[in-house]
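Structure, as structure tokens:
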Amino acid sequence: MASIAPNAPVAPRAVIADVLFDAAAKDKDVVVLCSDSRGSAALEPFFEAYPNQAVEVGIAEQDLVGIAAGLASCGKRAVAVSPASFLATRSYEQARVDCAYSDTNVTLVGISGGVSYGELGMTHQSAQDIAALAAVPNMRVYLPSDRHQTKKLMEALLQDEKCAYVRVGRSPVPDVYGEDDCPFELDKANVLREGEDVALIACGELVAPCLDAAKALSADGVSCTVVDMHCVKPLDGDAVVEAATGAKVVLTAEEHSKSGGLGARVAQVVGEECPRPVKALALPDTPVVTGTKAQILEHYGLDAAGIAASAKELLAKV
């Protein structure tokens, strides 16, 4: 099991590996499957310690998910881990039919999600996975924002009996929560800050930039509500309505295409329940530029400065 230093930025994938390591020691039914991704998933120690609870299928994502579903149907708690760009595309039919339609207890973990593999281009970027998997009946979709929420999410999923897709990035991310200050309910969003002008609703690794943007906007006299919507599906509609009702405009932020992602889901709720101007900050509906993750997010206005600027621009139109 990896050693995680307190207060240091930590990659959620490392936290997932640690949770699985601990869970396997207590429950022999916990089985982890990889598609030639043990190194990327930080799961080498797991495979060494629990060879009878580990399955390496090689570069065969369809087999990965199909085998996981088969194990789950036999009573195992199967966790299939693979890069998000391949897990959500190459094995889509198996996720849809073998996991969701068959109602099997499989947790799909997409690592290096979004633009984590920024320099490798569209083939390795996962900008459509939320839309694809959220459209599948019975499939839940979660994007935790930091190590503390990731730990609680994985522990919760290992205790329930439904399939889910979890997407995390590759690199260490700053803490949004403290170890003893991380309220968590599986399908309930967290309100991190309250304001009256802008409702910022984000998921995954864009929650921290939204908090930074809210702090910067506060210095300019703009107050923001910040909502951590880790549960993209089922979306916490009550949290969306509450945040939108108390603000003049709604701004969403996600490391995903505008098509079918968090912004689209939030806009549908706002439009039906409490009409307000809504703008989705997301990746464009074109092949994403190549570069480091930080460069790509800055390019598309998905860093703290870009989010703050978009909030001001949207607010000025009201």
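Simple scheme: letters A, B, ... for chains in structure tokens order, numbers from 1 for residues in each chain, numbers from 1 for ligands in the order shown.
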Using only C-alpha atoms, what table do you get, as JSON lines, when you list each residue of stretch 69-171 of chain A with an atom no more than 9 Å from stretch 197-203 of chain A, its nearest pair of atoms, and their distance in Å rounded to one decimal, rows by chain then rising number?
```
{"residue": "A:Tyr142", "atom": "CA", "partner": "A:Cys203", "partner_atom": "CA", "distance": 8.5}
{"residue": "A:Leu143", "atom": "CA", "partner": "A:Cys203", "partner_atom": "CA", "distance": 5.9}
{"residue": "A:Pro144", "atom": "CA", "partner": "A:Cys203", "partner_atom": "CA", "distance": 7.0}
{"residue": "A:Ser145", "atom": "CA", "partner": "A:Cys203", "partner_atom": "CA", "distance": 6.6}
```
Serialized selection, C-alpha atoms, as a CSV table (one decimal), in the first residue's frame:
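Output file out05.csv follows:
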```csv
chain,number,residue,atom,x,y,z
A,142,TYR,CA,-19.3,9.9,-10.1
A,143,LEU,CA,-16.4,12.4,-10.3
A,144,PRO,CA,-14.8,13.0,-6.9
A,145,SER,CA,-13.0,16.2,-6.3
```
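Looking only at stretch 72-142 of chain A, the set that DSSP places in alpha helix (DSSP H) from backbone geometry is Ala72, Ser73, Ala84, Ser85, Phe86, Leu87, Tyr92, Glu93, Asp129, Ile130, Ala131, Ala132, Leu133 and Ala134 of chain A.
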Preceding selection exported with N, CA and C atoms as an mmCIF file, in the first residue's frame:
```
data_model
loop_
_atom_site.group_PDB
_atom_site.id
_atom_site.type_symbol
_atom_site.label_atom_id
_atom_site.label_comp_id
_atom_site.auth_asym_id
_atom_site.auth_seq_id
_atom_site.Cartn_x
_atom_site.Cartn_y
_atom_site.Cartn_z
ATOM 1 N N ALA A 72 -18.922 -10.638 -10.804
ATOM 2 C CA ALA A 72 -19.938 -10.016 -9.948
ATOM 3 C C ALA A 72 -21.190 -10.882 -9.867
ATOM 4 N N SER A 73 -21.549 -11.519 -10.976
ATOM 5 C CA SER A 73 -22.731 -12.373 -10.975
ATOM 6 C C SER A 73 -22.532 -13.615 -10.116
ATOM 7 N N ALA A 84 -9.719 5.960 -18.738
ATOM 8 C CA ALA A 84 -11.097 6.349 -19.044
ATOM 9 C C ALA A 84 -11.358 6.421 -20.541
ATOM 10 N N SER A 85 -10.361 6.863 -21.303
ATOM 11 C CA SER A 85 -10.558 7.023 -22.744
ATOM 12 C C SER A 85 -10.865 5.699 -23.432
ATOM 13 N N PHE A 86 -10.380 4.595 -22.870
ATOM 14 C CA PHE A 86 -10.634 3.281 -23.460
ATOM 15 C C PHE A 86 -11.796 2.564 -22.769
ATOM 16 N N LEU A 87 -11.879 2.714 -21.454
ATOM 17 C CA LEU A 87 -12.919 2.022 -20.700
ATOM 18 C C LEU A 87 -14.316 2.443 -21.143
ATOM 19 N N TYR A 92 -17.963 -0.149 -24.220
ATOM 20 C CA TYR A 92 -19.261 0.483 -23.969
ATOM 21 C C TYR A 92 -20.405 -0.530 -23.973
ATOM 22 N N GLU A 93 -20.383 -1.439 -24.912
ATOM 23 C CA GLU A 93 -21.468 -2.429 -24.973
ATOM 24 C C GLU A 93 -21.485 -3.308 -23.730
ATOM 25 N N ASP A 129 -17.037 10.615 -21.974
ATOM 26 C CA ASP A 129 -17.397 9.476 -21.135
ATOM 27 C C ASP A 129 -18.595 9.742 -20.230
ATOM 28 N N ILE A 130 -18.712 10.971 -19.701
ATOM 29 C CA ILE A 130 -19.858 11.278 -18.841
ATOM 30 C C ILE A 130 -21.151 11.142 -19.636
ATOM 31 N N ALA A 131 -21.181 11.753 -20.810
ATOM 32 C CA ALA A 131 -22.381 11.708 -21.643
ATOM 33 C C ALA A 131 -22.741 10.278 -22.017
ATOM 34 N N ALA A 132 -21.738 9.501 -22.413
ATOM 35 C CA ALA A 132 -21.993 8.139 -22.872
ATOM 36 C C ALA A 132 -22.539 7.262 -21.758
ATOM 37 N N LEU A 133 -21.887 7.272 -20.607
ATOM 38 C CA LEU A 133 -22.285 6.350 -19.545
ATOM 39 C C LEU A 133 -23.479 6.852 -18.747
ATOM 40 N N ALA A 134 -23.645 8.166 -18.652
ATOM 41 C CA ALA A 134 -24.817 8.694 -17.953
ATOM 42 C C ALA A 134 -26.103 8.402 -18.721
#
```
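Counting only C-alpha atoms and comparing A:Val232, A:Val106, A:Ala308, A:Leu20, the residue that lies closest to A:Ala219 is A:Ala308.
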Distance atom CA of A:Asp303-atom CA of A:Gly39, one decimal place? 28.4 Å
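Nearest-residue note for A:Arg170: choosing from A:Thr225, A:Gln62, A:Ser82, A:Thr107, the minimum distance belongs to A:Ser82, counting only C-alpha atoms.
For A:Thr104, the set of protein, DNA and RNA residues having any atom at most 8 Å away, when counting only C-alpha atoms and skipping those fewer than 6 positions along the same chain, is Ala69, Ala72, Ser73, Asp98, Glu161, Lys162 and Cys163 of chain A.
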Could you write out the selected residues, including C-alpha atoms, as a PDB file, in the first residue's frame?
```pdb
ATOM      1  CA  ALA A  69     -19.570  -8.699 -14.764  1.00  0.00           C
ATOM      2  CA  ALA A  72     -19.938 -10.016  -9.948  1.00  0.00           C
ATOM      3  CA  SER A  73     -22.731 -12.373 -10.975  1.00  0.00           C
ATOM      4  CA  ASP A  98     -23.262  -6.906 -18.975  1.00  0.00           C
ATOM      5  CA  GLU A 161     -24.892  -3.686  -4.915  1.00  0.00           C
ATOM      6  CA  LYS A 162     -25.226  -1.498  -8.005  1.00  0.00           C
ATOM      7  CA  CYS A 163     -22.926  -0.755 -10.913  1.00  0.00           C
TER       8      CYS A 163
END
```
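Between atom CA of A:Met229 and atom CA of A:Val191 the interatomic distance comes to 8.7 Å.
Residue nearest A:Thr89 within the list A:Leu262, A:Val115, A:Ala14, A:Ala60: A:Ala60 [criterion: smallest interatomic distance, only C-alpha atoms].
Between atom CA of A:Leu108 and atom CA of A:Ala11 lies a distance of 17.6 Å.
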I want to know what sits within 9 Å of A:Val289, based on only C-alpha atoms, with residues of the same chain fewer than 5 positions away left out; could you give that as a ChimeraX atom specification? /A:118-119,121-122,296,299
Deliver the residues from the most recent selection as a file, using N, CA and C atoms, as a compact mmCIF listing (two decimals), in the first residue's frame.
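Done, and the output landed in again.txt:
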```txt
# COMPACT_ATOMS: atom_id res chain seq x y z
N GLY A 118 -3.05 14.88 -22.01
CA GLY A 118 -3.23 15.99 -22.93
C GLY A 118 -2.32 15.98 -24.14
N GLU A 119 -1.06 15.58 -23.92
CA GLU A 119 -0.10 15.61 -25.02
C GLU A 119 -0.35 14.53 -26.06
N GLY A 121 -3.28 13.69 -27.37
CA GLY A 121 -4.34 14.01 -28.31
C GLY A 121 -5.66 13.29 -28.05
N MET A 122 -6.57 13.42 -29.01
CA MET A 122 -7.95 12.98 -28.85
C MET A 122 -8.08 11.48 -28.57
N ILE A 296 -4.12 23.07 -21.41
CA ILE A 296 -5.41 22.88 -22.08
C ILE A 296 -6.53 23.56 -21.30
N HIS A 299 -6.30 27.22 -21.79
CA HIS A 299 -6.67 27.58 -23.16
C HIS A 299 -8.18 27.71 -23.32
```
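Of the listed residues (A:Ala41, A:Val109, A:Ala24, A:Ala164), A:Ala164 comes nearest to A:Val136; the distances count only C-alpha atoms.
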Hey, which of A:Gly204, A:Gly58, A:Pro172, A:Gly221 ends up closest to A:His256? Count only C-alpha atoms. A:Gly204
Check which residues of stretch 147-228 of chain A sit at most 10 Å from stretch 110-113 of chain A using only C-alpha atoms, and return one row each with the closest pair of atoms and their distance in Å to one decimal, ordered by chain and rising number, as CSV.
```
residue,atom,partner,partner_atom,distance
A:Tyr165,CA,A:Gly110,CA,7.2
A:Val166,CA,A:Gly110,CA,6.0
A:Arg167,CA,A:Gly110,CA,4.7
A:Val168,CA,A:Ile111,CA,5.2
A:Gly169,CA,A:Ser112,CA,4.2
A:Arg170,CA,A:Ser112,CA,4.3
A:Ser171,CA,A:Ser112,CA,8.0
A:Gly204,CA,A:Gly113,CA,9.9
```
Expected answer as number ranges by chain: strand (DSSP E or B) residues in stretch 68-201 of chain A: A: 77-83, 106-111, 114, 126, 140-142, 164-167, 173, 178, 181, 185, 188, 190-193, 198-201
Nearby residues (only C-alpha atoms) at most 10 Å from A:Ala282, same-chain spacing under 5 positions excluded, as a PyMOL selection string: chain A and resi 127+252-259+261-263+297+300-302
Near A:Phe46, counting only C-alpha atoms, which residues have an atom at most 8 Å away, once you skip same-chain residues fewer than 2 positions from it, shown as a count of residues only? 11
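Excluding stretch 268-278 of chain A and any residue on its chain fewer than 5 positions from it, the residues at most 6 Å away by only C-alpha atoms are Val249, Val250 and Leu251 of chain A.
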